[in-house]
Protein chains: 2
Amino acid sequence: MSWLDLPSGTPFGPANLPLGVFSPAGDDRRRTGVAIGDLVLDLAAATGDPVHATGTLNAFLARGPRAWAELRAQLTGWVTDPAHRGAVEPHLHPRDGVALHLPVEVADYVDFYSSRHHAENLGRILRPGTPPLSPNWRHLPIGYHGRAGSVAVSGTAVVRPHGQSQTRDEPPVFGPTQRLDLEAEVGFVVGAGSAPGTPVPVSAFPDHVFGVCLVNDWSARDLQAWEYQPLGPFLSKSFLTSVSPWVVPLAALAAARVPAPERDPEPLPYLRDDDHPWGLDLALEVRVNGHLVSCPPFGCTYWTGAQQLAHLTVNGAALRTGDLYASGTVSGPAPDQWGSLVELSWGGRQPLPLPDGTARTFLEDGDVVTITATAPGTDGSRIGLGEVTGRVEPARC
Amino acid sequence: MSWLDLPSGTPFGPANLPLGVFSPAGDDRRRTGVAIGDLVLDLAAATGDPVHATGTLNAFLARGPRAWAELRAQLTGWVTDPAHRGAVEPHLHPRDGVALHLPVEVADYVDFYSSRHHAENLGRILRPGTPPLSPNWRHLPIGYHGRAGSVAVSGTAVVRPHGQSQTRDEPPVFGPTQRLDLEAEVGFVVGAGSAPGTPVPVSAFPDHVFGVCLVNDWSARDLQAWEYQPLGPFLSKSFLTSVSPWVVPLAALAAARVPAPERDPEPLPYLRDDDHPWGLDLALEVRVNGHLVSCPPFGCTYWTGAQQLAHLTVNGAALRTGDLYASGTVSGPAPDQWGSLVELSWGGRQPLPLPDGTARTFLEDGDVVTITATAPGTDGSRIGLGEVTGRVEPARC
């Protein structure tokens with residue numbers, strides 16, 4: 001309950017309180033804000049703490065989980081206790097009037113591949129006749145490093161990238177990608193770093209990860225097919241990765257925790273999570289030009305964010321504030337739960353019909369892709385992760 | 001010629017003038033320095049420019065190639081014209097008394113795979129009976145993103161990492177790597193960034209890249225073999241990448257430029273470099289516990305740093321100040337020119353004898369690996385890139 005006049009069913013109710021970076025209309029200065037209903041509360045002004053005027057969340061996140069909990073308790077008090085109305089109200093801005101920015105300065109960006117249904121689909125599409133999962137897949141969360149400098153906030157234009165592609169035994173050709181795809185993913189934002197040489201166990205996940213966002217890991221499938229052997233995806237992914245502007249704290253997702261799917265075989269000890277289940281019941285929705293094309297359920301993801309973090313650091317790699325790692329494309333078992341067009345069009349062989357009478361194999365210039373997600377909140381409401389959106393622009397000459 | 005009393009044959013003569021970040025004995029403040037002979041000149045003190053007191057080279061490098069050239073001209077005047085003795089001498093420190101730090105805050109780190117001899121050796125070792133090069137190799141500089149947060153300055157301890165490995169059809173096991181390897185590489189430091197969506201042509205290489213350093217991309221071969229399909233190396237590389245502390249400006253390497261090897265087939269237009277040959281005649285030396293084990297010649301690398309940069313950005317990915325990209329392991333055609341132990345021991349099957357009576361397949365605890373390089377200087381001297389070194393420490397429990 002809040003003294004604020006919140007829209008009924010708002011995804012940004014008092015149980016959510018996601019953090020982001022905004023600038024008000026007519027003011028270029030970036031500051032930290034919290035989304036509440038259709039409003040944004042200016043934390044720099046409301047708290048007087050200069051950490052919220054730095055233009056990214058990094059400096060605040062670096063303070064660690066105790067500071068995160070303290071701020072959350074303070075904010076909860078502010079929005080629920082009418083006694084704070086006078087102190088809070090002057091610092092509220094209509095959300096549709098502010099500019100939203102990249103919430104964190106990304107240190108390292110890692111992308112995992114942890115949806116079994118997605119990995120199996122890709123295996124069947126790309127390597128028919130062989131086992132759909134590589135032998136290592138059920139033993140470790142496969143991942144790779146992406147380009148941190150190409151991570152941008154929702155709304156950034158998706159300029160169709162150029163690159164090399166090759167078909168059959170023809171020489172490769174250079175030109176705009178013909179197979180531009182979306183990937184619906186969930187991202188984890190590292191707040192508190194770790195020392196080199198000190199693995200982070202599964203149990204310490206909430207000591208380091210502040211919260212989650214939505215990620216669209218735009219992909220050029222034709223570039224990827226030609227370049228990825230033997231060292232993995234490179235230019236097919238590095239032109240743009242879009243993230244939602246609001247980072248939902250793990251603390252807001254307590255009611256969304258679910259057991260992860262059964263793992264077979266049992267993981268090695270450093271990946272066991274029986275006492276630390278971090279499956280998250282996030283309901284994703286993917287829209288192309290406003291048409292719902294998929295509802296990927298994040299809860300069935302094979303490896304959780306806690307296991308991904310344990311794996312990422314088990315070799316002694318340090319975490320830094322601002323590290324971002326993403327789940328990999330989220331796909332459920334059913335065809336209307338697949339989180340990429342390469343799956344939804346089965347490798348481009350079965351165009352996906354849209355309600356407007358058109359069909360898609362891959363993205364066309366002008367297409368707008370929007371990914372949203374909701375989750376059960378701790379107060380019985382459904383909270384939202386907001387959206388990550390982007391419009392495809394033609395290749396530049 | 002210099003009025004300074006420089007050691008005969010010093011790799012840091014007046015034709016070199018590499019930049020680094022140091023702190024003098026008894027003073028924690030990091031500032032930019034230039035190596036000259038056995039000395040380091042404190043640029044923060046000598047120039048009075050606060051950009052040299054920021055603790056990394058980034059802010060200075062971001063000023064761009066004109067500022068780099070102006071500083072170089074000023075420094076050349078200072079060390080060659082005795083009139084400057086009084087102004088310069090108070091700011092010189094003995095090099096062996098200073099602490100050297102990571103010269104740049106690394107933005108994104110990319111590792112290429114551009115030595116044909118190395119790639120062919122790896123193909124023959126890992127995939128016998130198939131063509132040693134993947135079909136894409138001669139069409140594009142294969143590369144992947146590494147972990148920027150794990151890039152550390154020479155001298156950082158190399159703690160043997162843990163991870164999963166697997167042999168034959170046995171279940172994978174977890175433990176310290178048994179196949180810890182070195183990779184002798186050359187790194188390129190991006191000074192001036194670029195805008196998203198704007199590819200950097202081969203011709204613009206010196207407008208963006210400030211200089212070069214040495215890189216040891218430590219690798220755990222057993223972890224790599226198990227994890228790398230289908231998305232490339234991850235934990236096998238992300239525990240540590242060591243770089244030399246001195247960044248040698250491209251301007252110091254004008255006499256080291258050589259034509260690159262002939263490319264067959266002719267590269268696609270965006271990779272053609274006939275008018276911009278950036279082969280570099282750098283003579284690398286790799287030592288294990290002081291014993292010379294390899295002399296990789298960088299000049300025979302198939303794809304140059306200029307081509308790597310053009311490829312890296314051709315999809316519109318932006319450059320940022322502090323981006324670091326490395327050549328990949330440098331290997332020449334002869335066995336004593338191979339830049340990794342997996343090649344020198346042919347996959348661990350032929351131990352490499354050392355003059356001390358021992359032999360190595362892969363690195364043992366306590367081993368010290370040092371990579372150095374020299375190049376022809378513009379004044380007829382040989383200039384040096386300094387060294388990147390590291391000692392292997394036992395795995396931590």
# chains A, B, ... in the order shown; residues from 1 in each chain; ligands from 1
call {"tool": "closest_atom_pairs", "arguments": {"of": "chain B", "to": "chain A", "cutoff": "6 Å", "atoms": "only C-alpha atoms", "output": "tab-separated table"}}
result
residue	atom	partner	partner_atom	distance
B:Tyr144	CA	A:Phe234	CA	5.4
B:His145	CA	A:His145	CA	5.4
B:Gly146	CA	A:His145	CA	5.8
B:Pro161	CA	A:Asn315	CA	4.8
B:His162	CA	A:Asn315	CA	4.9
B:Gly163	CA	A:Asn315	CA	6.0
B:Leu231	CA	A:Gly232	CA	4.1
B:Gly232	CA	A:Leu231	CA	4.1
B:Phe234	CA	A:Tyr144	CA	5.4
B:Phe239	CA	A:Ala317	CA	4.7
B:Asn315	CA	A:Pro161	CA	4.8
B:Gly316	CA	A:Phe239	CA	5.7
B:Ala317	CA	A:Phe239	CA	4.7
call {"tool": "atom_distance", "arguments": {"atom1": "CA of Ala306 (chain A)", "atom2": "CA of Asn58 (chain A)"}}
result
20.6 Å
call {"tool": "closest_residue", "arguments": {"among": "A:Gly191, A:Gly26, A:Pro394, A:Pro201", "to": "Glu364 (chain A)", "atoms": "only C-alpha atoms"}}
result
A:Pro394
call {"tool": "residues_around", "arguments": {"residues": "Leu6 (chain B)", "least_positions_apart": "3", "cutoff": "9 Å", "atoms": "only C-alpha atoms", "output": "PDB file with C-alpha atoms, in the first residue's frame"}}
result
ATOM      1  CA  SER B   2      71.069  12.015 -25.623  1.00  0.00           C
ATOM      2  CA  TRP B   3      72.721  14.132 -22.989  1.00  0.00           C
ATOM      3  CA  GLY B   9      72.567  -0.757 -26.254  1.00  0.00           C
ATOM      4  CA  THR B  10      69.691   0.106 -23.962  1.00  0.00           C
ATOM      5  CA  PHE B  12      64.878   2.279 -24.041  1.00  0.00           C
ATOM      6  CA  GLY B  13      66.953   4.779 -26.028  1.00  0.00           C
ATOM      7  CA  ILE B  36      64.617   6.263 -20.882  1.00  0.00           C
ATOM      8  CA  GLY B  37      67.671   4.078 -20.344  1.00  0.00           C
ATOM      9  CA  ASP B  38      67.578   2.815 -16.776  1.00  0.00           C
ATOM     10  CA  LEU B  39      65.444   5.753 -15.710  1.00  0.00           C
TER      11      LEU B  39
END
call {"tool": "select_by_dssp", "arguments": {"residues": "region 29-185 of chain B", "states": "strand (DSSP E or B)", "output": "JSON, numbers by chain"}}
result
{"B": [31, 32, 33, 34, 35, 36, 39, 40, 41, 42, 92, 93, 94, 99, 100, 101, 109, 110, 111, 112, 143, 144, 145, 146, 151, 152, 153, 158, 159, 162, 163, 164, 165, 173, 174, 175, 176, 180, 181, 183, 184, 185]}
call {"tool": "atom_distance", "arguments": {"atom1": "CA of Val388 (chain B)", "atom2": "CA of Ala373 (chain B)"}}
result
9.6 Å
